[in-house]
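So this block is structure.cif, mmCIF, C-alpha atoms and all ligand atoms:
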data_final
#
loop_
_atom_site.label_atom_id
_atom_site.label_comp_id
_atom_site.auth_asym_id
_atom_site.auth_seq_id
_atom_site.Cartn_x
_atom_site.Cartn_y
_atom_site.Cartn_z
CA MET A 769 -134.32 58.69 -18.47
CA SER A 770 -137.90 59.53 -17.52
CA ASP A 771 -139.00 63.15 -17.31
CA TRP A 772 -139.25 63.57 -13.58
CA THR A 773 -135.48 63.22 -13.10
CA ARG A 774 -134.69 66.04 -15.54
CA ASP A 775 -133.12 69.00 -13.71
CA LEU A 776 -133.90 67.32 -10.41
CA TYR A 777 -131.10 69.31 -8.81
CA LYS A 778 -132.90 72.56 -9.65
CA ARG A 779 -136.03 71.60 -7.67
CA SER A 780 -136.63 72.70 -4.12
CA LEU A 781 -135.81 70.09 -1.50
CA ALA A 782 -139.51 69.48 -0.75
CA GLU A 783 -140.37 69.10 -4.42
CA ARG A 784 -137.44 66.72 -5.00
CA GLN A 785 -138.45 64.58 -2.02
CA ARG A 786 -142.02 64.48 -3.32
CA LEU A 787 -140.94 63.47 -6.83
CA VAL A 788 -138.63 60.71 -5.63
CA ALA A 789 -141.28 59.43 -3.23
CA GLN A 790 -143.94 59.42 -5.89
CA HIS A 791 -141.91 57.82 -8.66
CA GLN A 792 -139.99 55.32 -6.56
CA GLY A 793 -143.01 54.16 -4.59
CA LEU A 794 -142.12 55.34 -1.08
CA SER A 795 -144.77 54.64 1.57
CA LYS A 796 -146.37 57.48 3.56
CA ARG A 797 -144.16 56.52 6.52
CA GLN A 798 -141.04 56.65 4.34
CA GLN A 799 -142.05 60.03 2.91
CA ASP A 800 -142.53 61.39 6.43
CA TYR A 801 -139.10 60.06 7.31
CA LEU A 802 -137.50 62.01 4.47
CA VAL A 803 -139.19 65.19 5.59
CA GLN A 804 -138.22 64.72 9.22
CA HIS A 805 -134.57 63.85 8.50
CA CYS A 806 -133.32 66.57 6.22
CA SER A 807 -131.94 70.08 6.50
CA GLU A 808 -131.84 73.05 4.15
CA ARG A 809 -128.19 73.41 5.11
CA HIS A 810 -127.28 70.00 3.75
CA ASN A 811 -129.35 70.76 0.67
CA GLU A 812 -126.60 73.28 -0.08
CA VAL A 813 -123.85 70.70 0.33
CA ILE A 814 -124.55 67.94 -2.23
CA GLU A 815 -126.50 67.72 -5.44
CA ASN A 816 -129.91 66.03 -5.51
CA TYR A 817 -129.93 65.98 -1.71
CA LEU A 818 -132.83 64.07 -0.11
CA MET A 819 -132.16 63.39 3.55
CA ASP A 820 -129.51 62.77 6.19
CA TYR A 821 -128.42 59.17 6.39
CA ALA A 822 -127.76 58.47 10.04
CA VAL A 823 -124.88 56.22 11.09
CA PRO A 824 -124.23 55.49 14.77
CA GLU A 825 -121.47 57.40 16.53
CA GLY A 826 -119.74 56.10 19.65
CA VAL A 827 -116.51 56.89 21.46
CA VAL A 828 -113.38 54.89 22.02
CA VAL A 829 -112.13 55.51 25.55
CA ASP A 830 -108.83 54.69 27.26
CA LEU A 831 -106.86 55.60 24.17
CA LEU A 832 -103.48 56.61 25.57
CA VAL A 833 -101.36 58.29 22.88
CA ASN A 834 -98.05 60.03 23.59
CA ASP A 835 -98.95 60.04 27.30
CA ARG A 836 -102.31 61.75 26.75
CA ARG A 837 -105.62 59.97 27.31
CA TYR A 838 -108.17 60.53 24.55
CA VAL A 839 -111.89 60.00 24.10
CA VAL A 840 -112.31 59.70 20.34
CA PRO A 841 -115.58 59.79 18.37
CA MET A 842 -116.04 56.96 15.86
CA VAL A 843 -118.78 56.74 13.25
CA THR A 844 -119.57 53.25 12.01
CA GLU A 845 -122.47 50.99 11.11
CA GLU A 846 -120.57 47.83 12.13
CA PRO A 847 -121.73 46.70 15.58
CA SER A 848 -118.45 45.37 16.98
CA VAL A 849 -116.06 48.12 15.86
CA VAL A 850 -116.23 50.54 18.80
CA ALA A 851 -116.28 47.71 21.35
CA ALA A 852 -113.18 46.17 19.74
CA ALA A 853 -111.37 49.53 19.60
CA CYS A 854 -112.05 50.07 23.31
CA ASN A 855 -110.82 46.56 24.05
CA GLY A 856 -107.57 47.06 22.15
CA ALA A 857 -107.04 50.58 23.49
CA LYS A 858 -107.49 49.44 27.08
CA ARG A 859 -104.93 46.66 26.76
CA VAL A 860 -102.40 49.06 25.24
CA ALA A 861 -103.10 51.71 27.88
CA GLN A 862 -102.48 49.12 30.60
CA SER A 863 -99.10 48.47 28.98
CA GLY A 864 -97.97 52.11 28.66
CA GLY A 865 -99.89 53.43 25.64
CA PHE A 866 -99.16 54.26 22.02
CA VAL A 867 -96.17 56.22 20.81
CA ALA A 868 -96.83 58.13 17.59
CA PRO A 869 -94.09 60.56 16.54
CA GLU A 870 -95.09 63.83 14.90
CA GLN A 871 -95.24 63.19 11.17
CA GLU A 872 -93.98 65.23 8.27
CA ARG A 873 -97.09 66.50 6.42
CA LEU A 874 -96.48 67.30 2.79
CA VAL A 875 -99.16 66.70 0.17
CA THR A 876 -98.19 66.25 -3.48
CA GLY A 877 -99.86 68.21 -6.25
CA GLN A 878 -99.17 66.64 -9.64
CA VAL A 879 -98.96 68.46 -12.94
CA PHE A 880 -98.92 65.95 -15.81
CA ILE A 881 -97.14 66.89 -19.01
CA GLN A 882 -97.52 64.92 -22.22
CA ASP A 883 -95.73 64.87 -25.59
CA VAL A 884 -92.35 65.52 -23.99
CA SER A 885 -89.83 64.46 -26.61
CA ASP A 886 -86.82 65.14 -24.39
CA PRO A 887 -87.50 64.33 -20.69
CA GLN A 888 -84.07 65.63 -19.71
CA LYS A 889 -84.93 69.02 -21.20
CA PHE A 890 -88.11 69.17 -19.08
CA ARG A 891 -86.18 68.20 -15.95
CA GLU A 892 -83.65 70.90 -16.65
CA TRP A 893 -86.40 73.49 -17.26
CA CYS A 894 -88.00 72.59 -13.92
CA ARG A 895 -84.66 72.81 -12.15
CA LEU A 896 -83.89 76.25 -13.59
CA ASN A 897 -87.45 77.47 -12.91
CA GLU A 898 -87.91 75.93 -9.49
CA ALA A 899 -88.16 79.26 -7.66
CA GLY A 900 -90.68 80.55 -10.24
CA LEU A 901 -92.77 77.39 -10.03
CA LEU A 902 -92.91 77.61 -6.24
CA GLU A 903 -93.75 81.30 -6.46
CA VAL A 904 -96.64 80.62 -8.86
CA ALA A 905 -97.97 77.87 -6.58
CA ASN A 906 -97.75 80.03 -3.47
CA GLN A 907 -99.32 83.04 -5.11
CA ALA A 908 -102.32 80.90 -5.90
CA HIS A 909 -102.81 80.43 -2.14
CA PRO A 910 -101.01 83.29 -0.39
CA SER A 911 -102.64 82.78 3.02
CA MET A 912 -100.98 79.40 3.31
CA GLN A 913 -97.52 80.86 2.74
CA ARG A 914 -98.22 83.63 5.26
CA ARG A 915 -98.62 80.91 7.87
CA GLY A 916 -95.21 79.51 6.98
CA ALA A 917 -96.74 76.66 4.99
CA GLY A 918 -97.22 76.36 1.21
CA ALA A 919 -95.28 74.84 -1.68
CA LYS A 920 -91.83 73.73 -0.55
CA ASP A 921 -90.27 71.66 -3.27
CA VAL A 922 -90.53 70.64 -6.91
CA GLN A 923 -89.66 67.12 -8.08
CA VAL A 924 -89.92 65.57 -11.51
CA ARG A 925 -90.68 61.96 -12.39
CA GLN A 926 -91.03 60.25 -15.71
CA VAL A 927 -94.14 58.03 -15.62
CA GLY A 928 -94.46 56.00 -18.80
CA GLU A 929 -94.88 58.43 -21.66
CA PHE A 930 -95.73 61.30 -19.28
CA MET A 931 -93.78 63.59 -17.01
CA SER A 932 -95.13 64.34 -13.55
CA LEU A 933 -94.12 67.63 -12.00
CA ASP A 934 -94.67 67.00 -8.29
CA LEU A 935 -95.22 70.00 -6.03
CA LEU A 936 -94.62 69.17 -2.39
CA ILE A 937 -96.94 71.32 -0.33
CA ASP A 938 -97.06 71.88 3.40
CA VAL A 939 -100.81 72.11 4.00
CA ASP A 940 -100.47 73.29 7.61
CA GLN A 941 -103.55 72.31 9.63
CA ALA A 942 -105.80 71.42 6.69
CA MET A 943 -106.20 68.20 4.74
CA GLY A 944 -105.45 70.52 1.86
CA ALA A 945 -107.18 68.95 -1.14
CA ASN A 946 -108.69 72.18 -2.45
CA SER A 947 -105.60 74.28 -1.83
CA VAL A 948 -103.29 71.73 -3.42
CA ASN A 949 -105.53 71.43 -6.47
CA THR A 950 -105.68 75.23 -6.82
CA MET A 951 -101.88 75.48 -6.58
CA ALA A 952 -101.26 72.59 -8.98
CA GLU A 953 -103.66 74.07 -11.55
CA ALA A 954 -101.90 77.44 -11.33
CA VAL A 955 -98.56 75.73 -11.99
CA GLY A 956 -100.19 73.77 -14.82
CA ARG A 957 -101.22 77.05 -16.47
CA TYR A 958 -97.70 78.40 -16.02
CA CYS A 959 -96.21 75.29 -17.68
CA GLN A 960 -98.70 75.57 -20.52
CA GLN A 961 -97.74 79.22 -21.03
CA HIS A 962 -94.13 78.08 -21.32
CA GLY A 963 -94.91 75.69 -24.12
CA TRP A 964 -95.37 72.39 -22.25
CA HIS A 965 -98.45 70.32 -23.03
CA VAL A 966 -100.34 69.95 -19.78
CA LEU A 967 -102.73 67.01 -19.52
CA THR A 968 -104.11 67.82 -16.09
CA ALA A 969 -103.23 68.93 -12.55
CA ILE A 970 -104.49 67.26 -9.37
CA LEU A 971 -103.33 66.27 -5.90
CA SER A 972 -102.16 62.73 -5.25
CA ASN A 973 -103.77 60.77 -2.43
CA TYR A 974 -100.66 58.63 -2.26
CA ALA A 975 -99.16 60.83 0.43
CA LEU A 976 -95.76 59.27 0.97
CA ASP A 977 -94.57 62.49 2.57
CA ALA A 978 -97.27 62.28 5.22
CA VAL A 979 -96.73 58.78 6.57
CA GLN A 980 -97.83 58.40 10.18
CA MET A 981 -96.13 55.77 12.33
CA VAL A 982 -97.43 54.44 15.61
CA GLU A 983 -96.13 51.73 17.89
CA CYS A 984 -96.98 50.07 21.16
CA THR A 985 -95.75 47.26 23.36
CA VAL A 986 -98.36 45.12 25.08
CA THR A 987 -97.47 42.93 28.02
CA ASN A 988 -98.20 39.21 27.93
CA GLU A 989 -100.25 39.70 31.07
CA VAL A 990 -102.88 41.84 29.37
CA LEU A 991 -103.09 39.52 26.37
CA ALA A 992 -103.99 36.39 28.36
CA THR A 993 -107.47 34.91 28.18
CA LYS A 994 -109.17 32.61 30.68
CA THR A 995 -107.93 29.61 28.74
CA MET A 996 -104.73 30.80 27.03
CA ALA A 997 -101.50 32.12 28.54
CA GLY A 998 -100.44 35.59 27.48
CA ARG A 999 -97.21 34.31 25.90
CA GLN A 1000 -99.12 31.91 23.70
CA VAL A 1001 -101.55 34.66 22.64
CA ALA A 1002 -98.58 36.90 21.78
CA GLU A 1003 -96.98 34.16 19.67
CA ARG A 1004 -100.21 33.48 17.82
CA ILE A 1005 -100.75 37.21 17.12
CA ALA A 1006 -97.18 37.42 15.79
CA ALA A 1007 -97.91 34.43 13.53
CA LEU A 1008 -101.08 36.12 12.25
CA SER A 1009 -99.05 39.24 11.55
CA LYS A 1010 -96.53 37.16 9.54
CA LEU A 1011 -99.39 35.63 7.60
CA ALA A 1012 -100.62 39.09 6.57
CA GLN A 1013 -97.13 39.81 5.19
CA VAL A 1014 -97.12 36.79 2.90
CA ASP A 1015 -100.76 36.20 1.89
CA PRO A 1016 -102.55 39.09 0.14
CA TYR A 1017 -105.92 37.41 0.77
CA ARG A 1018 -105.32 37.57 4.49
CA ALA A 1019 -103.59 40.97 4.25
CA VAL A 1020 -106.71 42.61 2.81
CA THR A 1021 -108.83 41.38 5.72
CA HIS A 1022 -106.11 42.29 8.22
CA ASN A 1023 -106.06 45.83 6.79
CA LYS A 1024 -109.85 45.98 6.65
CA GLY A 1025 -109.74 45.47 10.42
CA ILE A 1026 -107.31 48.39 10.80
CA MET A 1027 -109.45 50.57 8.54
CA ASN A 1028 -112.53 49.71 10.62
CA GLY A 1029 -111.02 51.96 13.26
CA ILE A 1030 -109.28 54.49 11.04
CA ASP A 1031 -112.28 55.17 8.78
CA ALA A 1032 -114.63 55.51 11.74
CA ALA A 1033 -112.36 58.04 13.47
CA VAL A 1034 -111.59 59.91 10.23
CA LEU A 1035 -115.28 60.15 9.35
CA ALA A 1036 -116.13 61.47 12.81
CA SER A 1037 -113.37 64.08 12.45
CA GLY A 1038 -114.99 65.43 9.25
CA ASN A 1039 -112.10 64.32 7.04
CA ASP A 1040 -112.10 62.52 3.70
CA TRP A 1041 -111.92 58.83 4.61
CA ARG A 1042 -111.87 57.72 0.94
CA ALA A 1043 -108.60 59.59 0.46
CA VAL A 1044 -107.15 57.87 3.52
CA GLU A 1045 -108.44 54.46 2.36
CA ALA A 1046 -107.01 54.85 -1.15
CA GLY A 1047 -103.61 55.96 0.15
CA ALA A 1048 -103.48 53.20 2.77
CA HIS A 1049 -104.08 50.39 0.30
CA ALA A 1050 -101.58 51.76 -2.21
CA TYR A 1051 -99.04 51.96 0.64
CA ALA A 1052 -99.82 48.35 1.60
CA ALA A 1053 -98.74 47.33 -1.92
CA ARG A 1054 -95.73 49.66 -2.17
CA ASP A 1055 -93.18 46.89 -2.82
CA GLY A 1056 -95.35 45.17 -5.44
CA GLN A 1057 -97.16 42.77 -3.09
CA TYR A 1058 -100.14 43.77 -0.97
CA ARG A 1059 -99.20 43.27 2.71
CA GLY A 1060 -100.56 43.97 6.19
CA LEU A 1061 -100.06 47.60 7.20
CA SER A 1062 -99.20 46.62 10.76
CA GLN A 1063 -96.72 44.13 12.15
CA TRP A 1064 -96.55 42.41 15.53
CA HIS A 1065 -93.44 40.74 16.95
CA THR A 1066 -92.91 39.04 20.28
CA VAL A 1067 -90.47 40.79 22.59
CA PRO A 1068 -89.36 39.75 26.09
CA GLY A 1069 -92.47 39.96 28.28
CA GLY A 1070 -94.88 40.92 25.51
CA LEU A 1071 -95.70 41.91 21.99
CA ARG A 1072 -94.59 44.93 19.99
CA GLY A 1073 -96.87 46.33 17.30
CA THR A 1074 -96.14 48.94 14.63
CA LEU A 1075 -98.34 50.55 12.04
CA ALA A 1076 -97.47 53.02 9.28
CA LEU A 1077 -99.72 54.52 6.63
CA PRO A 1078 -100.14 57.78 4.72
CA LEU A 1079 -102.54 59.98 6.67
CA THR A 1080 -103.56 63.38 5.37
CA VAL A 1081 -106.09 64.60 7.88
CA GLY A 1082 -106.75 68.16 8.96
CA VAL A 1083 -108.52 70.05 11.71
CA VAL A 1084 -109.61 73.00 9.57
CA GLY A 1085 -111.02 73.46 6.05
CA GLY A 1086 -113.73 71.67 4.10
CA SER A 1087 -116.68 70.72 6.27
CA ILE A 1088 -114.55 70.38 9.40
CA LYS A 1089 -116.02 72.30 12.34
CA LEU A 1090 -118.73 73.79 10.10
CA THR A 1091 -121.47 71.55 11.40
CA ASP A 1092 -122.66 71.15 14.98
CA GLN A 1093 -121.73 67.47 14.84
CA SER A 1094 -118.19 68.22 13.84
CA GLN A 1095 -117.82 70.87 16.55
CA ILE A 1096 -119.16 68.47 19.16
CA ASN A 1097 -116.67 65.81 18.06
CA TYR A 1098 -113.68 68.13 18.37
CA GLN A 1099 -114.94 69.20 21.79
CA ILE A 1100 -115.14 65.54 22.81
CA SER A 1101 -111.71 64.56 21.48
CA GLN A 1102 -110.06 67.85 22.53
CA ILE A 1103 -107.80 67.40 19.50
CA GLN A 1104 -106.27 70.72 18.47
CA THR A 1105 -103.83 70.04 15.65
CA ALA A 1106 -103.63 67.98 12.49
CA GLN A 1107 -100.48 66.29 13.85
CA GLU A 1108 -102.35 65.26 16.99
CA LEU A 1109 -105.33 63.99 14.98
CA SER A 1110 -103.04 61.96 12.75
CA ALA A 1111 -101.30 60.34 15.74
CA VAL A 1112 -104.64 59.54 17.38
CA VAL A 1113 -106.25 58.12 14.23
CA ALA A 1114 -103.30 55.80 13.60
CA SER A 1115 -103.46 54.66 17.23
CA VAL A 1116 -107.15 53.82 16.84
CA GLY A 1117 -106.18 51.70 13.84
CA LEU A 1118 -103.55 49.78 15.77
CA ALA A 1119 -105.90 49.31 18.75
CA GLN A 1120 -108.56 47.97 16.41
CA ASN A 1121 -106.05 45.60 14.81
CA LEU A 1122 -104.84 44.31 18.18
CA ALA A 1123 -108.38 43.50 19.30
CA ALA A 1124 -109.16 41.68 16.03
CA LEU A 1125 -105.93 39.66 16.06
CA ARG A 1126 -106.30 38.75 19.73
CA ALA A 1127 -109.80 37.47 19.04
CA LEU A 1128 -108.63 35.55 15.95
CA ALA A 1129 -105.72 34.11 17.91
CA THR A 1130 -107.91 32.89 20.78
CA ASN A 1131 -111.68 32.35 20.75
CA GLY A 1132 -112.26 33.28 17.12
CA ILE A 1133 -114.01 36.39 15.91
CA GLN A 1134 -117.59 35.22 16.14
CA ALA A 1135 -117.73 34.83 19.91
CA GLY A 1136 -117.35 38.57 20.47
CA HIS A 1137 -119.02 39.67 17.27
CA MET A 1138 -122.17 37.66 17.72
CA GLN A 1139 -123.22 39.45 20.90
CA MET A 1140 -123.27 42.70 18.89
CA GLN A 1141 -124.68 41.13 15.73
CA TYR A 1142 -127.53 39.61 17.74
CA ARG A 1143 -128.43 43.07 19.02
CA SER A 1144 -128.69 44.32 15.44
CA LEU A 1145 -130.69 41.26 14.43
CA ALA A 1146 -133.04 41.77 17.40
CA MET A 1147 -133.65 45.38 16.31
CA SER A 1148 -134.12 44.39 12.69
CA VAL A 1149 -136.99 42.06 13.62
CA GLY A 1150 -138.66 44.82 15.62
CA ALA A 1151 -137.56 44.22 19.22
CA THR A 1152 -138.15 47.23 21.47
CA ALA A 1153 -135.38 48.62 23.69
CA GLN A 1154 -136.70 46.44 26.59
CA GLU A 1155 -136.91 43.35 24.44
CA ILE A 1156 -133.37 43.46 22.99
CA ALA A 1157 -131.48 42.00 25.97
CA PRO A 1158 -133.84 39.04 26.59
CA LEU A 1159 -134.02 38.31 22.86
CA VAL A 1160 -130.22 38.38 22.55
CA GLN A 1161 -130.01 35.88 25.44
CA ARG A 1162 -132.36 33.55 23.59
CA LEU A 1163 -130.48 33.95 20.32
CA GLN A 1164 -127.24 33.03 22.09
CA LYS A 1165 -128.78 29.75 23.20
CA ALA A 1166 -130.29 28.91 19.81
CA SER A 1167 -128.57 26.17 17.76
CA ARG A 1168 -129.16 28.09 14.51
CA VAL A 1169 -129.72 31.82 14.09
CA ASP A 1170 -131.32 33.71 11.23
CA THR A 1171 -134.05 36.30 10.76
CA ASN A 1172 -136.86 33.74 10.97
CA VAL A 1173 -135.48 32.26 14.17
CA ALA A 1174 -135.19 35.78 15.62
CA LYS A 1175 -138.79 36.56 14.65
CA ASP A 1176 -140.06 33.31 16.19
CA LEU A 1177 -138.12 33.90 19.39
CA LEU A 1178 -139.48 37.46 19.63
CA THR A 1179 -143.04 36.22 19.17
CA GLN A 1180 -142.44 33.59 21.83
CA LEU A 1181 -140.92 36.18 24.18
CA ARG A 1182 -143.91 38.50 23.75
CA LYS A 1183 -146.33 35.65 24.30
CA GLU A 1184 -144.58 34.60 27.50
CA GLU A 1185 -144.63 38.17 28.76
CA ASN A 1186 -148.31 38.54 27.97
CA ASP A 1187 -149.08 35.25 29.69
CA ALA A 1188 -147.08 36.34 32.73
CA ARG A 1189 -148.99 39.64 32.86
CA GLU A 1190 -152.32 37.84 32.75
CA ILE A 1191 -151.50 35.55 35.65
C1 LIG B 1201 -114.07 42.50 10.70
O1 LIG B 1201 -114.78 43.68 10.41
C2 LIG B 1201 -112.59 42.75 10.77
C3 LIG B 1201 -111.73 41.49 10.94
O2 LIG B 1201 -112.04 40.57 9.90
C4 LIG B 1201 -110.29 41.93 10.87
C5 LIG B 1201 -109.28 40.79 10.79
O3 LIG B 1201 -109.63 39.70 10.34
O4 LIG B 1201 -108.12 41.05 11.17
C6 LIG B 1201 -112.02 40.81 12.24
#

Please lay out the structure from this file as structure tokens.
Ligand code: MEV
Amino acid sequence: MSDWTRDLYKRSLAERQRLVAQHQGLSKRQQDYLVQHCSERHNEVIENYLMDYAVPEGVVVDLLVNDRRYVVPMVTEEPSVVAAACNGAKRVAQSGGFVAPEQERLVTGQVFIQDVSDPQKFREWCRLNEAGLLEVANQAHPSMQRRGAGAKDVQVRQVGEFMSLDLLIDVDQAMGANSVNTMAEAVGRYCQQHGWHVLTAILSNYALDAVQMVECTVTNEVLATKTMAGRQVAERIAALSKLAQVDPYRAVTHNKGIMNGIDAAVLASGNDWRAVEAGAHAYAARDGQYRGLSQWHTVPGGLRGTLALPLTVGVVGGSIKLTDQSQINYQISQIQTAQELSAVVASVGLAQNLAALRALATNGIQAGHMQMQYRSLAMSVGATAQEIAPLVQRLQKASRVDTNVAKDLLTQLRKEENDAREI
């Protein structure tokens, strides 16, 4: 470790930016960028903060969930994601919308005990002390209990050589990570005081008591393409869904498509998308084989889709609504409760999945993707806002596309425009 990195976190933001720029060889333009894209506020949020990393935000429209139409912010760097979500959402809205029942929302706090020679004795102790354990947990976070939420149940599992004391906690409108950890640690101390050897206490992101379901039925009519009848599209989507149940290789990609929508909506809502991701993939493998999180089956006149995954999202706590961006996003979505957010996020995931499977079942994914990818490519080779559309048109006609081709086509475009101006 060279000297300049020592105690970097103790430096002022300006000094840290200067040191990184100097030692990592940033150009003058890059240094200016750092300075122009940072905030003292965010300097308080993470260690060794340098700048804000901007990712595009768009909105999915026409998302009809439980008879309410939503406009939902999505944050993503992948060009086709928002377009695909809108496409899927529109087809579902035309067929009656998504139905997402209100989910149970309990988060588990785990207290791990080791060196338990008699598991039955520990179980019995937990059973006899259940009221005390819940009391200890709730006293660690009294405001939660005042709102009618808080620790509700104690369960015990033997996991290999360890015992897991699981506290089931109603986190009310929050995602609850900090509260659950505080409560679990308090119970851990209590167990330790009573002679049990506590290894650690932490929430579990495998939130099986907060599984959100969503379903929709799409008519054959809205699935049809110019060249394929709706019934055939429906059958092919159902076959793709079956494939994701039997082939883990395909299931991972299938679920990646779902998470394209879910992560983008969760990120825009200020929630912890890594927690949602981790829980979702564990849920996808809950019976021992990794499978698609959604399923599609043909029904008379159309296609029925269902999706279920653990979703612990909140509308208060953490960084939610602290920043201007977060406040703007809640104003846009008009989402008021964690239950509503959960229903909407799951619906975005199913919409995203429908759009991907419909594309895969018909023209293939590249046809739609390339339009968006070409826009990114055009920008990456330096096309101005006015040059993007004509360059994309040229890229679409090219027999082979890569960065060099894009650069050549841009040079050619500029030359033709110059020539035309001179005439
Ligand atoms: C690409 O980001 C997502 C897809 O690969 C999803 C899928 O294959 O279902 C299109």

**Counting all atoms listed in the file, the option among A:Trp1064, A:Tyr821, A:Phe930, A:Tyr974 closest to A:Val875** = A:Tyr974

**Item:** Neighbour list for A:Tyr1142 as a PyMOL selection string, cut-off 8 Å, all atoms listed in the file, skip fewer than 6 positions in-chain
**Value:** chain A and resi 1160+1163-1164

Filtering to C-alpha atoms, could you give me those residues as a PDB file, in the frame of the given file?
ATOM      1  CA  VAL A1160    -130.220  38.380  22.550  1.00  0.00           C
ATOM      2  CA  LEU A1163    -130.480  33.950  20.320  1.00  0.00           C
ATOM      3  CA  GLN A1164    -127.240  33.030  22.090  1.00  0.00           C
TER       4      GLN A1164
END

**Message:** Could you list, as a list in words, every residue within 7 Å of stretch 1102-1109 of chain A, counting all atoms listed in the file and ignoring same-chain residues fewer than 6 positions away?
**Reply:** Glu870, Gln871, Gln941, Val1081, Gly1082 and Val1083 of chain A

**Message:** Using only C-alpha atoms and all ligand atoms for the distances, tell me which of A:Glu812, A:Glu929, A:Glu989, A:Asp1031 is nearest to ligand LIG 1201 (chain B).
**Reply:**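 Checking each candidate against ligand LIG 1201 (chain B), we get A:Asp1031 as the closest.
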
**Prompt:** What lies within 8 Å of A:Ser848 using all atoms listed in the file, ignoring chain neighbours under 6 positions off, as a PyMOL selection string?
**Reply:** chain A and resi 1136-1137+1140-1141

**Request:** Quote the spacing between atom CA of A:Leu1079 and atom CA of A:Gly1047 in Å to one decimal place.
**Result:**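 These two atoms are separated by 7.7 Å.
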
**Request:** Dump the neighbourhood of ligand LIG 1201 (chain B) as an NGL selection string: all residues within 7 Å, distances computed on all atoms listed in the file.
**Result:** :A and (1021-1025 or 1028 or 1121 or 1124-1125 or 1133)

**Prompt:** Near A:Arg784, within 12 Å and counting only C-alpha atoms, which residues show up once chain neighbours fewer than 2 positions away are dropped, as a ChimeraX atom specification?
**Reply:** /A:772-782,786-792,799,802-803,806,811,815-819

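The residue that comes closest to A:Gly1117, out of A:Gln913, A:Asn988, A:Ser972, A:Ser1062 and on the basis of all atoms listed in the file, is A:Ser1062.
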
What are the centre and the three edge lengths of an axis-aligned box that wraps all atoms of stretch 774-778 of chain A in the file, given that 8 Å is added to every side, written as JSON and rounded to one decimal in Å?
{"center_x": -132.9, "center_y": 69.3, "center_z": -12.2, "size_x": 19.6, "size_y": 22.5, "size_z": 22.7}

**Asked** Counting all atoms listed in the file, which of A:Gln1120, A:Gln1063, A:Ser1101, A:Thr1179 gets nearest to A:Lys1010?
**Response**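 Distance minimum relative to A:Lys1010 lands on A:Gln1063.
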
**Message:** Between atom CA of A:Thr876 and atom CA of A:Ala978, what distance in Å does the model show, to one decimal?
**Reply:**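 It comes out at 9.6 Å.
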
**Asked** To one decimal place, how far is atom CA of A:Val924 from atom CA of A:Leu896 in Å?
**Response**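 Interatomic distance here is 12.4 Å.
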
**Prompt:** Using all atoms listed in the file, what residues lie at most 12 Å away from (-94.5, 73.8, -19.6) (file coordinates), given as a ChimeraX atom specification?
**Reply:** /A:879-884,887,889-894,897,901,931-933,954-968

Nearby residues (all atoms listed in the file) at most 12 Å from A:Ala992, same-chain spacing under 3 positions excluded, as a tab-separated table (two decimals) with C-alpha atoms, in the coordinates of the input:
chain	number	residue	atom	x	y	z
A	859	ARG	CA	-104.93	46.66	26.76
A	986	VAL	CA	-98.36	45.12	25.08
A	987	THR	CA	-97.47	42.93	28.02
A	988	ASN	CA	-98.20	39.21	27.93
A	989	GLU	CA	-100.25	39.70	31.07
A	995	THR	CA	-107.93	29.61	28.74
A	996	MET	CA	-104.73	30.80	27.03
A	997	ALA	CA	-101.50	32.12	28.54
A	998	GLY	CA	-100.44	35.59	27.48
A	999	ARG	CA	-97.21	34.31	25.90
A	1000	GLN	CA	-99.12	31.91	23.70
A	1001	VAL	CA	-101.55	34.66	22.64
A	1002	ALA	CA	-98.58	36.90	21.78
A	1003	GLU	CA	-96.98	34.16	19.67
A	1004	ARG	CA	-100.21	33.48	17.82
A	1005	ILE	CA	-100.75	37.21	17.12
A	1070	GLY	CA	-94.88	40.92	25.51
A	1071	LEU	CA	-95.70	41.91	21.99
A	1126	ARG	CA	-106.30	38.75	19.73
A	1127	ALA	CA	-109.80	37.47	19.04
A	1129	ALA	CA	-105.72	34.11	17.91
A	1130	THR	CA	-107.91	32.89	20.78
A	1131	ASN	CA	-111.68	32.35	20.75

**Request:** Select, from A:Gln1161, A:Leu1090, A:Leu1181, A:Asn973, the residue with the minimum atom-to-atom distance to A:Val813, counting all atoms listed in the file.
**Result:**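 Nearest to A:Val813: A:Leu1090.
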
**Item:** Residue with smallest distance to A:Arg1018 - pool A:Pro824, A:Ala1033, A:Leu1061, A:Val850, counting all atoms listed in the file
**Value:** A:Leu1061
